[in-house]
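One structure below.
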Amino acid sequence: MRLGLPDCCECISDEMLRGALVPSAYLVKWDLQSATYTLSMISIDYCKTLARYNRWQNQSLYAAAATLPDGTRKRNMGAFFKSIHGTFNHIMVADRLWLDRFEGHPSTIKALNEELYSDFEELTRQRVSGDDRLDRFVATLTDDVLKGTLTYRRMSGGGEEMTMPMAVVLMHIFNHQTHHRAQAGTLLMQCGVDVGVTDLPMLPATFLSPVFGK
């Protein structure tokens, strides 16, 4: 089963989804002419599992990065967001932007490459706080919310208003985190740091969310 949803950081459009390979378990109706689609509901357990996985991997990668000197973490290594620190910052930016949208209030995020925190210890503390915030949102999910839509304004494109299925947006935010953590993991390995196990099936059953448990 292949997932070909676009890995864009702050927006998903009908044009991007046109012709995408969506998991058959989620695809109920797809109209290639109008790029309209109906998705069956992803489950609350799905979201909780990926939120736990997100926290588990963040803890692992931040612990690995903490073994490096600050200059190494911030060295431009040719990644899209240049450095380990820059990549971590970008994940935080995107998470915060989407959570602002989920919670329905204006975002303070100004740019997708914005450096929120230059100090690694503060970035680490804020990462934990961000994971708590995501878990709190996941804990509020209901079946009706998962079957609904999210309307928001893009940062780019002149602030164009977008309406997307909540199921797609939630799959996107978890996919986006994993995508950029993989980039950070590669940079860490290039620095000689073992990032440990990253496979979702290896998420320990005993690794619980402090917000919703398992």
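Simple scheme: letters A, B, ... for chains in structure tokens order, numbers from 1 for residues in each chain, numbers from 1 for ligands in the order shown.
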
Skipping near chain neighbours, those fewer than 5 positions away, what residues fall within 7 Å of segment 186-200 of chain A using only C-alpha atoms, listed as a PDB file with N, CA and C atoms, in the first residue's frame?
ATOM      1  N   TYR A  53       4.364   7.752  18.668  1.00  0.00           N
ATOM      2  CA  TYR A  53       5.562   7.536  17.866  1.00  0.00           C
ATOM      3  C   TYR A  53       6.337   8.833  17.675  1.00  0.00           C
ATOM      4  N   GLN A  57      10.215   9.234  18.961  1.00  0.00           N
ATOM      5  CA  GLN A  57      11.306   9.560  18.054  1.00  0.00           C
ATOM      6  C   GLN A  57      11.925  10.920  18.363  1.00  0.00           C
ATOM      7  N   SER A  60      14.319  10.388  21.156  1.00  0.00           N
ATOM      8  CA  SER A  60      15.492   9.658  20.708  1.00  0.00           C
ATOM      9  C   SER A  60      16.451  10.552  19.923  1.00  0.00           C
ATOM     10  N   LEU A  61      15.921  11.314  18.962  1.00  0.00           N
ATOM     11  CA  LEU A  61      16.786  12.143  18.116  1.00  0.00           C
ATOM     12  C   LEU A  61      17.355  13.326  18.884  1.00  0.00           C
ATOM     13  N   ALA A  64      20.193  12.053  20.914  1.00  0.00           N
ATOM     14  CA  ALA A  64      21.358  11.819  20.064  1.00  0.00           C
ATOM     15  C   ALA A  64      22.040  13.138  19.722  1.00  0.00           C
ATOM     16  N   ALA A  65      21.256  14.160  19.378  1.00  0.00           N
ATOM     17  CA  ALA A  65      21.825  15.459  19.022  1.00  0.00           C
ATOM     18  C   ALA A  65      22.506  16.134  20.198  1.00  0.00           C
ATOM     19  N   ILE A  84      21.248  20.242  11.502  1.00  0.00           N
ATOM     20  CA  ILE A  84      20.427  19.460  12.439  1.00  0.00           C
ATOM     21  C   ILE A  84      19.514  20.398  13.214  1.00  0.00           C
TER      22      ILE A  84
END

As a PyMOL selection string, list the residues of segment 120-186 of chain A assigned to helix (DSSP H, G or I) by DSSP on the backbone atoms of this structure. chain A and resi 120-139+143-146+166-186

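As for atom CA of Asp132 of chain A and atom CA of Leu68 of chain A, they are spaced 25.5 Å apart.
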
Write out as a list in words each polymer residue whose atoms come within 10 Å of Arg96 of chain A, counting only C-alpha atoms; drop sequence neighbours fewer than 4 positions from it. His90, Ile91, Met92, Asp100, Arg101, Phe102, Ser107, Thr108, Ile109, Gly130, Asp131, Arg133 and Leu134 of chain A

Restrict the calculation to only C-alpha atoms, then for each residue of segment 104-125 of chain A with any atom at most 9 Å from an atom of segment 143-167 of chain A give the closest atom pair and their distance in Å to one decimal, rows by chain and rising residue number, as CSV.
residue,atom,partner,partner_atom,distance
A:Gly104,CA,A:Tyr152,CA,8.7
A:Ile109,CA,A:Met155,CA,8.9
A:Lys110,CA,A:Met155,CA,8.0
A:Ala111,CA,A:Met155,CA,7.8
A:Leu112,CA,A:Met155,CA,8.8

Would you mind exporting N, CA and C atoms of the selected residues as a PDB file, in the first residue's frame?
ATOM      1  N   GLY A 104      -7.823  27.024  16.025  1.00  0.00           N
ATOM      2  CA  GLY A 104      -8.647  28.110  15.535  1.00  0.00           C
ATOM      3  C   GLY A 104      -8.235  29.499  15.945  1.00  0.00           C
ATOM      4  N   ILE A 109       3.594  32.231  13.573  1.00  0.00           N
ATOM      5  CA  ILE A 109       4.639  31.785  12.649  1.00  0.00           C
ATOM      6  C   ILE A 109       4.694  32.734  11.457  1.00  0.00           C
ATOM      7  N   LYS A 110       5.907  33.184  11.126  1.00  0.00           N
ATOM      8  CA  LYS A 110       6.091  34.152  10.043  1.00  0.00           C
ATOM      9  C   LYS A 110       6.697  33.535   8.786  1.00  0.00           C
ATOM     10  N   ALA A 111       7.470  32.456   8.945  1.00  0.00           N
ATOM     11  CA  ALA A 111       8.133  31.826   7.797  1.00  0.00           C
ATOM     12  C   ALA A 111       8.435  30.373   8.140  1.00  0.00           C
ATOM     13  N   LEU A 112       8.450  29.520   7.113  1.00  0.00           N
ATOM     14  CA  LEU A 112       8.682  28.097   7.348  1.00  0.00           C
ATOM     15  C   LEU A 112      10.119  27.790   7.727  1.00  0.00           C
TER      16      LEU A 112
END

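With only C-alpha atoms as the atoms that count, the minimum distance from Thr87 of chain A to the choices A:Ala182, A:Met171, A:Cys47, A:Val138 is reached by A:Ala182.
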
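Here the question is which of A:Ala184, A:Ala79, A:Ala94, A:Ile173 gets nearest to Asn54 of chain A using only C-alpha atoms, and that residue is A:Ile173.
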
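Rounded to one decimal, atom CA of Arg127 of chain A and atom CA of Arg55 of chain A lie 8.9 Å from each other.
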